[in-house]
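> Pasting data.txt here (compact mmCIF, C-alpha atoms):
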```txt
# COMPACT_ATOMS: atom_id res chain seq x y z
CA MET A 1 -33.64 1.69 53.48
CA ASN A 2 -35.62 -0.67 51.26
CA ASP A 3 -35.29 -4.43 51.24
CA ASP A 4 -33.00 -4.58 48.17
CA ILE A 5 -30.45 -2.20 49.67
CA ARG A 6 -30.63 -4.02 53.00
CA ASN A 7 -29.95 -7.36 51.30
CA ILE A 8 -26.99 -5.92 49.40
CA VAL A 9 -25.49 -4.46 52.58
CA LEU A 10 -26.01 -7.72 54.49
CA GLY A 11 -24.45 -9.67 51.61
CA VAL A 12 -21.39 -7.41 51.55
CA LEU A 13 -21.02 -7.70 55.34
CA ALA A 14 -21.36 -11.49 55.20
CA ALA A 15 -18.77 -11.72 52.43
CA GLY A 16 -16.39 -9.48 54.37
CA ILE A 17 -16.77 -11.51 57.55
CA SER A 18 -16.32 -14.76 55.63
CA ALA A 19 -13.17 -13.45 53.93
CA ALA A 20 -11.76 -12.22 57.25
CA LEU A 21 -12.43 -15.55 58.96
CA GLY A 22 -10.83 -17.38 56.02
CA TRP A 23 -7.74 -15.17 56.21
CA VAL A 24 -7.45 -15.66 59.99
CA THR A 25 -7.83 -19.43 59.60
CA ARG A 26 -5.25 -19.67 56.80
CA THR A 27 -2.82 -17.50 58.76
CA TYR A 28 -3.26 -19.65 61.88
CA LEU A 29 -2.72 -22.88 59.95
CA TRP A 30 0.32 -21.45 58.15
CA LYS A 31 1.88 -20.31 61.42
CA ARG A 32 1.19 -23.64 63.09
CA LYS A 33 2.81 -25.47 60.17
CA LEU A 34 5.80 -23.12 60.33
CA ARG A 35 6.21 -23.62 64.10
CA ARG A 36 6.18 -27.41 63.64
CA LYS A 37 8.82 -27.11 60.94
CA GLN A 38 10.95 -24.80 63.07
CA ALA A 39 10.69 -27.18 66.02
CA PHE A 40 11.69 -30.18 63.89
CA PHE A 41 14.75 -28.44 62.49
CA GLY A 42 15.57 -26.61 65.72
CA LEU A 43 15.42 -23.29 63.87
CA PRO A 44 13.27 -20.64 65.57
CA ASP A 45 13.01 -17.17 64.04
CA HIS A 46 16.36 -15.40 63.53
CA SER A 47 18.35 -18.34 64.94
CA GLU A 48 21.78 -19.37 63.70
CA CYS A 49 22.76 -22.78 62.36
CA LEU A 50 25.89 -24.44 61.00
CA LEU A 51 26.43 -25.99 57.58
CA VAL A 52 29.51 -28.21 57.71
CA VAL A 53 30.88 -28.86 54.24
CA ASN A 54 33.11 -31.71 53.14
CA ARG A 55 35.57 -31.66 50.25
CA ALA A 56 35.55 -33.43 46.92
CA ALA A 57 37.48 -36.68 46.94
CA GLY A 58 41.07 -36.09 45.90
CA HIS A 59 40.90 -32.32 46.41
CA GLU A 60 41.93 -30.30 49.43
CA VAL A 61 39.64 -27.31 48.93
CA ALA A 62 37.06 -28.02 46.21
CA VAL A 63 33.46 -28.95 47.05
CA HIS A 64 31.78 -31.42 44.72
CA ARG A 65 29.04 -29.88 42.58
CA PHE A 66 26.42 -32.31 43.92
CA ASP A 67 27.34 -31.24 47.45
CA VAL A 68 26.86 -27.63 46.35
CA PHE A 69 23.37 -28.57 45.14
CA ALA A 70 22.75 -30.21 48.51
CA LEU A 71 23.76 -27.00 50.27
CA LEU A 72 21.24 -25.11 48.14
CA GLU A 73 18.50 -27.54 49.19
CA LEU A 74 19.40 -27.00 52.85
CA SER A 75 19.67 -23.23 52.44
CA SER A 76 16.10 -23.11 51.17
CA LEU A 77 14.88 -25.04 54.23
CA ILE A 78 16.77 -22.74 56.56
CA LYS A 79 15.41 -19.62 54.86
CA ASP A 80 11.84 -20.96 55.10
CA CYS A 81 12.30 -21.24 58.87
CA GLY A 82 13.48 -17.62 59.12
CA ALA A 83 16.94 -18.68 60.29
CA HIS A 84 20.50 -17.92 59.16
CA ALA A 85 23.33 -20.28 58.22
CA GLN A 86 27.07 -20.18 58.63
CA ILE A 87 28.99 -22.36 56.17
CA ILE A 88 32.24 -23.82 57.45
CA GLN A 89 34.71 -26.42 56.17
CA HIS A 90 34.77 -29.71 58.00
CA ASP A 91 38.35 -29.35 59.27
CA LEU A 92 37.66 -25.87 60.69
CA ALA A 93 34.54 -26.79 62.67
CA GLN A 94 36.35 -27.28 65.96
CA GLN A 95 33.43 -26.76 68.31
CA GLY A 96 30.85 -28.76 70.19
CA PHE A 97 27.29 -29.53 69.16
CA GLY A 98 23.84 -28.95 70.60
CA GLU A 99 23.92 -25.16 70.97
CA ARG A 100 23.06 -24.57 67.31
CA THR A 101 21.39 -26.78 64.74
CA GLU A 102 24.01 -28.40 62.54
CA PHE A 103 23.76 -29.88 59.06
CA CYS A 104 26.80 -32.05 58.35
CA LEU A 105 27.37 -33.21 54.79
CA GLY A 106 29.57 -35.97 53.35
CA GLY A 107 31.08 -39.30 54.26
CA PRO A 108 33.80 -39.81 56.88
CA TYR A 109 36.42 -40.18 54.13
CA SER A 110 35.99 -36.51 53.16
CA ASN A 111 34.55 -34.97 56.33
CA ARG A 112 36.43 -35.26 59.62
CA ARG A 113 33.50 -33.91 61.59
CA MET A 114 31.21 -36.56 60.11
CA ALA A 115 33.70 -39.21 61.21
CA ALA A 116 33.61 -37.78 64.73
CA HIS A 117 29.79 -37.60 64.76
CA LEU A 118 29.44 -41.22 63.65
CA ALA A 119 31.86 -42.39 66.34
CA SER A 120 30.18 -40.46 69.15
CA LEU A 121 26.51 -40.24 68.11
CA LEU A 122 25.95 -43.29 65.85
CA PRO A 123 28.55 -45.90 66.90
CA GLY A 124 26.63 -48.67 65.15
CA VAL A 125 27.29 -47.11 61.73
CA LYS A 126 30.65 -47.88 60.15
CA MET A 127 31.87 -47.02 56.66
CA ASN A 128 34.77 -48.60 54.82
CA VAL A 129 37.11 -45.74 53.91
CA ASP A 130 40.00 -47.83 52.53
CA SER A 131 41.74 -46.21 49.59
CA GLU A 132 42.59 -49.54 47.97
CA PRO A 133 39.97 -50.89 45.52
CA SER A 134 37.90 -53.76 46.92
CA PRO A 135 34.25 -54.94 46.88
CA ASP A 136 33.79 -53.43 50.35
CA ARG A 137 35.23 -50.02 49.56
CA GLY A 138 32.66 -47.41 50.61
CA ALA A 139 30.37 -50.04 52.13
CA PHE A 140 28.22 -49.30 55.16
CA GLN A 141 28.11 -51.63 58.11
CA ILE A 142 25.03 -50.96 60.24
CA GLY A 143 24.68 -53.36 63.10
CA SER A 144 25.49 -56.73 61.61
CA GLU A 145 24.42 -55.82 58.04
CA ARG A 146 26.69 -54.60 55.25
CA TYR A 147 25.52 -52.47 52.32
CA ARG A 148 27.92 -52.29 49.38
CA LEU A 149 28.26 -49.57 46.80
CA GLU A 150 27.35 -50.21 43.16
CA ASN A 151 28.41 -46.92 41.63
CA GLY A 152 25.62 -45.29 39.63
CA VAL A 153 23.32 -48.28 40.10
CA CYS A 154 22.64 -48.81 43.79
CA GLU A 155 24.08 -46.38 46.33
CA TYR A 156 23.25 -45.87 50.01
CA VAL A 157 23.11 -42.84 52.25
CA ILE A 158 22.43 -42.26 55.93
CA LEU A 159 19.95 -39.53 56.85
CA ALA A 160 19.94 -38.93 60.58
CA ARG A 161 18.54 -36.42 63.06
CA VAL A 162 20.32 -36.70 66.40
CA THR A 163 19.64 -34.75 69.57
CA PRO A 164 22.70 -35.21 71.80
CA ALA A 165 20.84 -34.18 74.97
CA GLN A 166 17.41 -33.06 76.08
CA ASP A 167 16.55 -29.53 74.90
CA SER A 168 19.65 -29.39 72.69
CA ARG A 169 19.51 -28.38 69.04
CA PRO A 170 19.60 -31.30 66.58
CA VAL A 171 22.44 -32.46 64.38
CA PHE A 172 21.41 -33.57 60.88
CA LEU A 173 23.75 -36.00 59.15
CA PHE A 174 23.84 -36.69 55.40
CA CYS A 175 26.43 -39.42 55.04
CA GLY A 176 26.48 -40.96 51.58
CA GLN A 177 28.58 -43.35 49.54
CA SER A 178 28.88 -40.70 46.81
CA ALA A 179 28.28 -36.97 46.44
CA ILE A 180 25.03 -37.46 44.55
CA THR A 181 23.62 -39.49 47.44
CA ASN A 182 24.25 -36.56 49.79
CA GLN A 183 22.09 -34.40 47.55
CA ALA A 184 19.48 -37.17 47.36
CA ALA A 185 19.28 -37.26 51.16
CA THR A 186 18.83 -33.49 51.49
CA ARG A 187 16.13 -33.57 48.81
CA TYR A 188 14.41 -36.47 50.59
CA LEU A 189 14.45 -34.49 53.82
CA ALA A 190 13.02 -31.41 52.12
CA ARG A 191 10.20 -33.40 50.52
CA ASN A 192 9.36 -35.49 53.57
CA SER A 193 10.07 -33.20 56.53
CA GLU A 194 6.38 -32.92 57.51
CA LYS A 195 5.92 -36.69 57.45
CA LEU A 196 9.15 -37.25 59.38
CA ALA A 197 8.14 -34.64 61.96
CA ARG A 198 4.76 -36.33 62.48
CA LYS A 199 6.37 -39.75 62.87
CA HIS A 200 9.44 -38.90 64.96
CA GLY A 201 8.52 -35.57 66.56
CA ASN A 202 11.66 -34.00 67.99
CA ASN A 203 13.30 -37.36 68.71
CA SER A 204 16.41 -38.82 67.13
CA PHE A 205 16.18 -41.09 64.10
CA CYS A 206 18.52 -42.70 61.59
CA LEU A 207 17.27 -43.79 58.17
CA LEU A 208 19.06 -45.81 55.51
CA LEU A 209 18.11 -44.65 52.01
CA LYS A 210 18.92 -46.21 48.65
CA VAL A 211 19.52 -44.09 45.55
CA VAL A 212 18.50 -46.04 42.47
CA ASN A 213 20.26 -45.70 39.10
CA SER A 214 21.71 -42.25 39.69
CA HIS A 215 23.41 -42.38 36.27
CA ALA A 216 19.94 -42.15 34.71
CA TYR A 217 17.79 -40.48 37.36
CA GLY A 218 20.21 -38.35 39.33
CA PRO A 219 19.21 -37.80 42.99
CA ASP A 220 15.45 -38.11 42.39
CA VAL A 221 14.72 -41.84 42.80
CA VAL A 222 15.22 -42.61 46.48
CA GLU A 223 13.87 -45.55 48.46
CA LEU A 224 13.67 -45.95 52.21
CA VAL A 225 15.49 -49.18 53.03
CA ALA A 226 14.97 -49.19 56.79
CA ASP A 227 14.77 -47.20 59.98
CA VAL A 228 18.06 -48.25 61.57
CA THR A 229 17.91 -45.98 64.61
CA ARG A 230 18.32 -48.71 67.21
CA ALA A 231 21.18 -50.48 65.43
CA ALA A 232 22.93 -47.17 64.70
CA GLN A 233 22.90 -46.08 68.34
CA GLU A 234 24.37 -49.33 69.66
CA PRO A 235 28.04 -50.37 69.34
CA ALA A 236 28.68 -52.33 66.14
CA PRO A 237 28.63 -56.15 66.58
CA ALA A 238 30.53 -58.70 64.52
CA VAL A 239 30.32 -58.17 60.76
CA ARG A 240 28.32 -60.29 58.34
CA THR A 241 27.35 -59.45 54.78
CA SER A 242 23.65 -58.90 54.16
CA HIS A 243 22.12 -60.98 51.38
CA ARG A 244 19.92 -57.95 50.59
CA ALA A 245 22.86 -55.66 49.99
CA GLY A 246 24.14 -57.27 46.84
CA SER A 247 27.53 -58.85 46.29
```
Starting from the coordinates I provided, produce the structure as structure tokens.


Amino acid sequence: MNDDIRNIVLGVLAAGISAALGWVTRTYLWKRKLRRKQAFFGLPDHSECLLVVNRAAGHEVAVHRFDVFALLELSSLIKDCGAHAQIIQHDLAQQGFGERTEFCLGGPYSNRRMAAHLASLLPGVKMNVDSEPSPDRGAFQIGSERYRLENGVCEYVILARVTPAQDSRPVFLFCGQSAITNQAATRYLARNSEKLARKHGNNSFCLLLKVVNSHAYGPDVVELVADVTRAAQEPAPAVRTSHRAGS
């Protein structure tokens, strides 16, 4: 074997080894990223989770189209984790929590299970569900602060990950002042799940998000107002209106 052939063979071998090492490294990193995502969502391979759906305001059966879009966002996350989802209406989900990951969608005015979750898991979060028109209709009270709804201009939504007990599967809550804010919260979670997992790990958190000018921008322009985990987990104190929340 002359030197030219030897160099060609060595070059091919080196390229093959380099390609193999690159493939192994990429596969390892991909699997590690997937395992972190599965741990954050509580969705190991082939696991089952629950999607609890609310109803459109004023309708007994219909689901608002923005809530359908939110379900599609969540379905993509679930599929990426290699898990399976069962969709169930809020008034039929008569079961406990913690055994399976749960994604619960909609405000307490249209989702009985959300109302129960807020009362038991996030007692510091209250929402005005009065049917009579008033400035406080749909407003959030979190701790001592109140955040009012300005329809289509400034709308708020709670995004929470709650683990009821150690080693239990998480409950994700998307509790918005309007249907489009529910979709905004699911999209925010999809886009920021890696960052949220790095910051919070597998611990509980509760974030208050603001959807800006949804009439023009839909669910895409979302701002993080505050991490309200501590206030949300404590019983609600006396009410006062926040000067930051508008009038």

> Just the number, please: distance in Å from CA of Gly138 (chain A) to CA of Leu209 (chain A), one decimal.

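We find that CA of Gly138 (chain A) and CA of Leu209 (chain A) lie 14.9 Å from each other.
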
> Enter the distance from CA of Arg55 (chain A) to CA of Asn151 (chain A), in Å, rounded to one decimal.

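These atoms are spaced 18.9 Å apart.
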
> If you count only C-alpha atoms, which residues fall within 10 Å of Asp167 (chain A), apart from same-chain ones fewer than 5 positions away, as a PyMOL selection string?

chain A and resi 42+98-99+202

> What does the structure give for the distance between CA of Gly176 (chain A) and CA of Met114 (chain A), in Å to one decimal?

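Atom-to-atom, CA of Gly176 (chain A) and CA of Met114 (chain A) are spaced 10.7 Å apart.
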
> Using all atoms listed in the file, which residue out of A:Ala216, A:Ala185, A:Val52, A:Cys175 lies closest to Arg113 (chain A)?

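Checking each of A:Ala216, A:Ala185, A:Val52, A:Cys175 against Arg113 (chain A), counting all atoms listed in the file, the winner is A:Val52.
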
> So that I can check the surroundings of region 73-84 of chain A, please list as a list in words every protein, DNA and RNA residue that reaches within 8 Å of it, counting all atoms listed in the file and ignoring chain neighbours fewer than 5 positions away.

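The residues satisfying every condition are Leu34, Lys37, Gln38, Leu43, Pro44, Asp45, His46, Ser47, Glu48, Cys49, Gln183, Thr186, Arg187 and Ala190 of chain A.
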
> List every protein, DNA or RNA residue that has an atom no more than 12 Å from (25.4, -50.3, 66.5) in the file's coordinate frame, counting only C-alpha atoms, and report them as a list in words.

Leu118, Ala119, Ser120, Leu121, Leu122, Pro123, Gly124, Val125, Lys126, Phe140, Gln141, Ile142, Gly143, Ser144, Glu145, Cys206, Val228, Thr229, Arg230, Ala231, Ala232, Gln233, Glu234, Pro235, Ala236, Pro237, Ala238 and Val239 of chain A

> Selected residues, C-alpha atoms, written as a short mmCIF file (atom, residue, chain, number, x, y, z; two decimals), in the coordinates of the input, please.


```cif
data_model
loop_
_atom_site.label_atom_id
_atom_site.label_comp_id
_atom_site.auth_asym_id
_atom_site.auth_seq_id
_atom_site.Cartn_x
_atom_site.Cartn_y
_atom_site.Cartn_z
CA LEU A 118 29.44 -41.22 63.65
CA ALA A 119 31.86 -42.39 66.34
CA SER A 120 30.18 -40.46 69.15
CA LEU A 121 26.51 -40.24 68.11
CA LEU A 122 25.95 -43.29 65.85
CA PRO A 123 28.55 -45.90 66.90
CA GLY A 124 26.63 -48.67 65.15
CA VAL A 125 27.29 -47.11 61.73
CA LYS A 126 30.65 -47.88 60.15
CA PHE A 140 28.22 -49.30 55.16
CA GLN A 141 28.11 -51.63 58.11
CA ILE A 142 25.03 -50.96 60.24
CA GLY A 143 24.68 -53.36 63.10
CA SER A 144 25.49 -56.73 61.61
CA GLU A 145 24.42 -55.82 58.04
CA CYS A 206 18.52 -42.70 61.59
CA VAL A 228 18.06 -48.25 61.57
CA THR A 229 17.91 -45.98 64.61
CA ARG A 230 18.32 -48.71 67.21
CA ALA A 231 21.18 -50.48 65.43
CA ALA A 232 22.93 -47.17 64.70
CA GLN A 233 22.90 -46.08 68.34
CA GLU A 234 24.37 -49.33 69.66
CA PRO A 235 28.04 -50.37 69.34
CA ALA A 236 28.68 -52.33 66.14
CA PRO A 237 28.63 -56.15 66.58
CA ALA A 238 30.53 -58.70 64.52
CA VAL A 239 30.32 -58.17 60.76
#
```

> Using only C-alpha atoms, determine which residues lie at most 9 Å from Asn54 (chain A), disregarding the query and same-chain residues fewer than 6 positions distant; provide the list as an mmCIF file with C-alpha atoms, in the coordinates of the input.


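The resulting file, out.cif, is shown below:
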```
data_model
loop_
_atom_site.group_PDB
_atom_site.id
_atom_site.type_symbol
_atom_site.label_atom_id
_atom_site.label_comp_id
_atom_site.auth_asym_id
_atom_site.auth_seq_id
_atom_site.Cartn_x
_atom_site.Cartn_y
_atom_site.Cartn_z
ATOM 1 C CA VAL A 61 39.640 -27.310 48.930
ATOM 2 C CA ALA A 62 37.060 -28.020 46.210
ATOM 3 C CA VAL A 63 33.460 -28.950 47.050
ATOM 4 C CA HIS A 64 31.780 -31.420 44.720
ATOM 5 C CA ASP A 67 27.340 -31.240 47.450
ATOM 6 C CA GLN A 89 34.710 -26.420 56.170
ATOM 7 C CA HIS A 90 34.770 -29.710 58.000
ATOM 8 C CA ASP A 91 38.350 -29.350 59.270
ATOM 9 C CA CYS A 104 26.800 -32.050 58.350
ATOM 10 C CA LEU A 105 27.370 -33.210 54.790
ATOM 11 C CA GLY A 106 29.570 -35.970 53.350
ATOM 12 C CA GLY A 107 31.080 -39.300 54.260
ATOM 13 C CA PRO A 108 33.800 -39.810 56.880
ATOM 14 C CA SER A 110 35.990 -36.510 53.160
ATOM 15 C CA ASN A 111 34.550 -34.970 56.330
ATOM 16 C CA ARG A 112 36.430 -35.260 59.620
ATOM 17 C CA ARG A 113 33.500 -33.910 61.590
ATOM 18 C CA MET A 114 31.210 -36.560 60.110
#
```
